[in-house]
Every structure is written in structure tokens, then in C-alpha cells.
file query_23.txt (compact mmCIF, C-alpha atoms and all ligand atoms)
# COMPACT_ATOMS: atom_id res chain seq x y z
CA MET A 1 54.92 -9.26 -41.77
CA ALA A 2 52.79 -9.19 -38.59
CA ASP A 3 55.91 -8.86 -36.40
CA ALA A 4 57.06 -6.10 -38.63
CA ALA A 5 53.68 -4.37 -38.20
CA ILE A 6 53.87 -4.64 -34.38
CA GLY A 7 57.41 -3.49 -34.43
CA THR A 8 56.48 -0.40 -36.36
CA GLU A 9 53.33 0.36 -34.21
CA GLU A 10 53.31 3.98 -33.27
CA LYS A 11 54.05 4.80 -29.59
CA THR A 12 52.10 7.53 -27.84
CA GLY A 13 53.31 8.77 -24.43
CA GLY A 14 55.33 5.59 -23.82
CA ILE A 15 52.52 3.09 -24.74
CA THR A 16 51.53 1.62 -28.06
CA ARG A 17 48.20 2.33 -29.68
CA ARG A 18 47.17 -1.29 -29.02
CA GLU A 19 47.98 -0.97 -25.30
CA PHE A 20 46.02 2.27 -25.20
CA LEU A 21 42.96 0.52 -26.71
CA TYR A 22 43.30 -2.30 -24.17
CA TYR A 23 43.25 0.25 -21.34
CA ILE A 24 40.15 1.95 -22.77
CA TRP A 25 38.41 -1.42 -23.14
CA GLY A 26 39.33 -2.42 -19.56
CA ALA A 27 38.11 0.91 -18.19
CA SER A 28 34.77 0.51 -20.04
CA ILE A 29 34.27 -2.96 -18.56
CA ALA A 30 35.08 -1.65 -15.05
CA LEU A 31 32.64 1.24 -15.49
CA LEU A 32 29.87 -1.11 -16.66
CA ALA A 33 30.49 -3.43 -13.68
CA ALA A 34 30.36 -0.47 -11.26
CA GLN A 35 27.07 0.73 -12.81
CA SER A 36 25.55 -2.76 -12.51
CA ALA A 37 26.64 -3.04 -8.86
CA GLY A 38 25.19 0.40 -8.12
CA LEU A 39 21.89 -0.53 -9.74
CA LEU A 40 21.75 -3.78 -7.75
CA ILE A 41 22.36 -1.95 -4.45
CA TRP A 42 19.73 0.67 -5.35
CA PHE A 43 17.27 -2.12 -6.17
CA LEU A 44 17.93 -3.95 -2.88
CA LEU A 45 17.71 -0.90 -0.62
CA PRO A 46 14.25 -0.08 0.78
CA LYS A 47 12.76 2.75 -1.30
CA PHE A 48 10.65 4.27 1.44
CA ARG A 49 11.50 5.11 5.01
CA GLU A 50 9.31 4.36 8.00
CA GLY A 51 6.56 6.95 8.39
CA GLU A 52 6.72 7.90 4.70
CA PHE A 53 3.95 6.91 2.29
CA GLY A 54 5.04 3.69 0.63
CA GLY A 55 6.67 2.48 3.87
CA ASN A 56 5.52 1.33 7.32
CA PHE A 57 3.57 3.48 9.76
CA ILE A 58 3.86 2.33 13.38
CA LEU A 59 1.10 3.77 15.53
CA PRO A 60 0.14 3.31 19.19
CA LEU A 61 -2.94 1.24 19.91
CA GLU A 62 -4.74 4.40 20.99
CA SER A 63 -4.80 5.40 17.30
CA ILE A 64 -7.47 2.80 16.66
CA PRO A 65 -11.05 4.14 16.88
CA GLY A 66 -13.73 2.48 19.02
CA VAL A 67 -15.76 -0.42 17.66
CA ASN A 68 -17.93 0.76 14.73
CA ALA A 69 -16.99 4.36 15.63
CA PRO A 70 -16.11 6.90 12.89
CA PRO A 71 -12.73 6.18 11.28
CA ASN A 72 -9.43 7.79 12.29
CA ASN A 73 -7.65 9.72 9.57
CA PHE A 74 -3.86 9.37 8.93
CA ALA A 75 -3.20 11.94 6.25
CA ASP A 76 0.56 11.28 5.95
CA GLY A 77 -0.07 7.61 5.27
CA ARG A 78 -3.17 8.26 3.13
CA PHE A 79 -5.26 5.77 5.09
CA TRP A 80 -8.10 5.48 7.56
CA LEU A 81 -8.11 3.07 10.47
CA VAL A 82 -11.47 1.47 11.15
CA ASN A 83 -12.48 -0.95 13.89
CA LEU A 84 -15.30 -3.19 12.73
CA ASP A 85 -17.69 -5.60 14.40
CA SER A 86 -20.53 -6.89 12.25
CA ASN A 87 -22.00 -8.61 15.33
CA ASP A 88 -22.80 -5.15 16.60
CA PRO A 89 -24.27 -3.41 13.55
CA ASN A 90 -25.43 0.17 13.78
CA ASP A 91 -26.07 3.03 11.40
CA LEU A 92 -22.42 2.93 10.29
CA PHE A 93 -22.64 -0.60 9.09
CA GLN A 94 -25.73 -1.26 6.89
CA PRO A 95 -25.27 -5.06 6.66
CA ALA A 96 -25.83 -6.71 3.28
CA PRO A 97 -26.86 -10.31 2.48
CA GLU A 98 -23.56 -10.84 0.63
CA ASP A 99 -21.43 -9.88 3.65
CA PRO A 100 -19.16 -12.52 5.19
CA PRO A 101 -20.75 -14.16 8.24
CA GLU A 102 -18.51 -12.15 10.52
CA MET A 103 -16.35 -9.05 10.07
CA VAL A 104 -14.43 -8.28 13.24
CA GLY A 105 -11.21 -6.33 13.67
CA VAL A 106 -9.15 -3.42 12.43
CA ALA A 107 -8.55 -2.50 8.80
CA ALA A 108 -6.47 0.21 7.09
CA ILE A 109 -8.37 1.72 4.17
CA TYR A 110 -6.70 3.66 1.33
CA LYS A 111 -7.92 7.24 1.15
CA VAL A 112 -8.16 7.34 -2.63
CA CYS A 113 -11.52 6.80 -4.36
CA THR A 114 -11.61 3.73 -6.59
CA HIS A 115 -13.35 5.69 -9.36
CA LEU A 116 -10.91 8.34 -10.58
CA GLY A 117 -8.64 8.78 -7.60
CA CYS A 118 -10.09 11.70 -5.61
CA ILE A 119 -9.43 12.00 -1.89
CA TYR A 120 -12.74 11.50 -0.11
CA PRO A 121 -13.82 12.41 3.45
CA TRP A 122 -15.91 10.70 6.11
CA ILE A 123 -19.25 12.50 6.39
CA PRO A 124 -20.39 12.20 10.02
CA ALA A 125 -23.93 13.41 9.28
CA ASN A 126 -24.46 10.48 6.86
CA ASN A 127 -22.19 7.94 8.60
CA ARG A 128 -20.29 7.02 5.44
CA PHE A 129 -17.44 8.02 3.16
CA GLU A 130 -18.56 10.27 0.31
CA CYS A 131 -16.43 11.23 -2.65
CA PRO A 132 -16.85 14.92 -3.58
CA CYS A 133 -15.84 14.37 -7.22
CA HIS A 134 -18.63 12.21 -8.65
CA GLY A 135 -20.64 11.12 -5.62
CA SER A 136 -19.47 7.58 -4.85
CA LYS A 137 -20.35 6.48 -1.34
CA TYR A 138 -18.79 3.80 0.83
CA ARG A 139 -19.68 2.04 4.08
CA LEU A 140 -17.39 2.16 7.15
CA ASP A 141 -15.57 -1.01 6.03
CA GLY A 142 -15.00 0.57 2.58
CA ARG A 143 -17.63 -1.39 0.71
CA ARG A 144 -19.26 0.78 -1.96
CA ILE A 145 -22.83 1.92 -1.42
CA GLU A 146 -23.28 3.92 -4.61
CA SER A 147 -21.39 4.10 -7.91
CA PRO A 148 -19.69 5.31 -10.10
CA ALA A 149 -16.97 3.67 -7.96
CA PRO A 150 -16.26 0.32 -9.64
CA ARG A 151 -15.25 -1.46 -6.43
CA THR A 152 -14.78 -1.42 -2.67
CA LEU A 153 -12.02 0.82 -1.25
CA ASP A 154 -8.51 -0.67 -1.26
CA ARG A 155 -6.81 -1.84 1.95
CA PHE A 156 -3.24 -1.97 3.24
CA ALA A 157 -1.52 -4.85 5.01
CA MET A 158 -1.30 -4.49 8.80
CA GLN A 159 0.22 -6.28 11.73
CA PHE A 160 0.07 -5.80 15.50
CA LEU A 161 3.28 -5.29 17.50
CA ASP A 162 4.09 -5.87 21.18
CA ILE A 163 5.46 -3.27 23.57
CA ASP A 164 8.98 -3.79 22.16
CA LYS A 165 7.60 -3.34 18.63
CA ASN A 166 8.12 -6.99 17.79
CA PRO A 167 5.48 -8.48 15.45
CA ILE A 168 2.87 -10.58 17.23
CA PRO A 169 2.69 -13.93 15.38
CA GLY A 170 -0.62 -14.56 13.64
CA SER A 171 -1.69 -10.90 13.73
CA GLU A 172 -1.00 -10.14 10.04
CA SER A 173 -3.90 -9.13 7.79
CA PRO A 174 -5.35 -12.38 6.43
CA LEU A 175 -5.89 -12.55 2.68
CA VAL A 176 -9.24 -13.85 1.47
CA ASP A 177 -9.86 -13.79 -2.29
CA ASP A 178 -6.74 -11.60 -2.56
CA PHE A 179 -8.15 -8.88 -0.27
CA TYR A 180 -6.92 -7.96 3.23
CA GLN A 181 -9.46 -8.80 5.94
CA PRO A 182 -9.85 -7.01 9.30
CA VAL A 183 -7.54 -8.20 12.11
CA PRO A 184 -8.92 -8.63 15.65
CA ILE A 185 -6.72 -6.90 18.25
CA PRO A 186 -4.61 -9.64 19.86
CA ASP A 187 -3.60 -9.88 23.53
CA GLY A 188 -0.37 -8.04 24.25
CA ALA A 189 -0.75 -5.58 21.35
CA ALA A 190 0.78 -2.15 21.98
CA PHE A 191 1.27 -0.87 18.43
CA ILE A 192 -0.15 -1.38 14.98
CA SER A 193 2.03 -1.37 11.87
CA VAL A 194 0.44 -0.37 8.55
CA ASN A 195 2.41 -1.17 5.42
CA THR A 196 1.42 1.38 2.80
CA GLY A 197 3.66 -0.42 0.32
CA ALA A 198 1.35 -3.47 0.37
CA ARG A 199 -2.09 -2.60 -1.01
CA LYS A 200 -4.83 -4.88 -2.27
CA LEU A 201 -7.57 -3.67 -4.59
CA GLY A 202 -11.11 -3.86 -3.23
CA PRO A 203 -13.47 -6.37 -4.85
CA SER A 204 -16.42 -5.42 -7.06
CA GLN A 205 -19.46 -6.43 -5.05
CA THR A 206 -23.10 -5.55 -5.62
CA LEU A 207 -23.86 -1.94 -4.70
CA LEU A 208 -25.33 -1.71 -1.20
CA CYS A 209 -27.98 0.71 -2.46
CA ASP A 210 -29.26 -2.15 -4.67
CA PHE A 211 -30.14 -4.14 -1.56
CA ALA A 212 -32.00 -1.21 -0.12
CA GLY A 213 -33.64 -0.46 -3.49
CA ASN A 214 -32.62 3.18 -3.31
CA CYS A 215 -29.93 3.59 -5.95
CA PRO A 216 -30.27 6.96 -7.71
S1 LIG A 301 -13.32 10.01 -8.13
FE1 LIG A 301 -14.63 9.49 -6.53
S2 LIG A 301 -16.54 9.29 -7.46
FE2 LIG A 301 -15.21 9.82 -9.07
call {"tool": "encode", "arguments": {"input": "query_23.txt", "output": "C-alpha cells", "more": "lines below"}}
Ligand code: FES
result
Amino acid sequence: MADAAIGTEEKTGGITRREFLYYIWGASIALLAAQSAGLLIWFLLPKFREGEFGGNFILPLESIPGVNAPPNNFADGRFWLVNLDSNDPNDLFQPAPEDPPEMVGVAAIYKVCTHLGCIYPWIPANNRFECPCHGSKYRLDGRRIESPAPRTLDRFAMQFLDIDKNPIPGSESPLVDDFYQPVPIPDGAAFISVNTGARKLGPSQTLLCDFAGNCP
């Protein structure tokens, strides 16, 4: 009976209906495989180009401000570069008892307020970052002075490069308690690379205004 059924199967354009269904099934499998391969390639390719937010910014060493000087602004990368030395405190630094024993080196600070995401400026007259939206204030290293900010400003990963733009071993931002620490400028550094795709959230430390007893 089965042979009889096959024998009587209707032919369309020189192929049987069964052959036609096989071709459709094969084409569907091939299409699915192509889609999966495309997705895999898309996933593996870098999503951001160099110099584009989300990617690496490579800047000459001259981009780094002086020690404890006002920060340098990199609007395209949405970060500030600061050059810290807690051994040489001044009005920009307002040391706190909770500070690590030493804070020396360069850090890249995200330009977005940790409260509700406003872009905040450096206010030279007050030597600190001040958010225009709800009044949060931050020290030069990004530590919060006044709320409502819930935590210190976020930081990006950095590394120093030599004159040929090769990474200098040991010059990556060290992680302490899952937060990027400042990196001292190593010998032979000619460039700094800031990875805006690698951000760590700032910790929630005591407000600096608490230490000074002048919180509003
Ligand atoms: S967004 Fe900055 S204080 Fe609210």
C-alpha cells in the first residue's frame, strides 16, 4: 500500500511533494545556522571603536593634570582625569580619617553623578565637583562630600602605554574592594589608555561633611 502511495505521489515541477518538503526543511536549517553564525560573529566583534564612549581612549601624557591640580575634562569619553597625591594635601583634598594611608596616582572618574545621573562640573571657586541637579558634592578624587549622592563617583580602568603604545606591565588600575585605585605614572610612560567599557561603582563611605561637622 505504502509503495502504491509513493508511486501515486503528485509531482510538481519535476519533483514530488515529499522532495519539495525536504528542500524546504533543509533551507530552514541552513537559514537557522546562518543566523546563529551571524549572531556569534556580532557577539565576538568589539562593540565600540577606539575613541568612542564604551571603548578605549588613548591620550598623551600631557593630558594628565598636575598633582592635586583641577581635573581635566574629556567630554567625548565622559570622564575626568585627576592626578592625586594625599601626601601633599591642599584645599582640593580635604583628607578624612577613613582615607587609605596613601592615595597617589592618576584616576579616570565618570562624569555622571551617582545620585540620579546628572552631568556635574568642577567648580574652581569651591575646589570640588558640584552636581547642579540636587546639590551633591564630591572631592577631587570623587569621594562624596555631601549627599544625596549615595556613593563616591565611579571610575574607569586605565593603563599606561609606552611610546609605541604598548602597555607597560604593572601599570593597570589596581582593584581594591572592587574599586579602581589611582595609578602612579610609571617610567617610560608616553600615553594613558582609559577603558570606558570597564567601570567600577564607587563605594558608599561616610560623607566628608560629617567629619567636618558641617553637613546641611
Ligand atoms: S543627580 Fe546629582 S545630586 Fe541628584
call {"tool": "residues_near_ligand", "arguments": {"input": "query_23.txt", "ligand": "ligand LIG 301 (chain A)", "cutoff": "9 Å", "atoms": "only C-alpha atoms and all ligand atoms", "output": "list in words"}}
result
Val112, Cys113, Thr114, His115, Leu116, Gly117, Cys118, Ile119, Tyr120, Glu130, Cys131, Pro132, Cys133, His134, Gly135, Ser136, Lys137, Ser147, Pro148 and Ala149 of chain A
call {"tool": "closest_residue", "arguments": {"input": "query_23.txt", "among": "A:Leu161, A:Ala212, A:Val183, A:Pro203", "to": "Leu61 of chain A", "atoms": "all atoms listed in the file"}}
result
A:Leu161
call {"tool": "atom_distance", "arguments": {"input": "query_23.txt", "atom1": "atom CA of Ala189 of chain A", "atom2": "atom CA of Val106 of chain A"}}
result
12.4 Å
call {"tool": "closest_residue", "arguments": {"input": "query_23.txt", "among": "A:Phe129, A:Tyr110, A:Phe79, A:Phe74", "to": "Leu92 of chain A", "atoms": "all atoms listed in the file"}}
result
A:Phe129
call {"tool": "atom_distance", "arguments": {"input": "query_23.txt", "atom1": "atom CA of Leu84 of chain A", "atom2": "atom CA of Arg143 of chain A"}}
result
12.4 Å
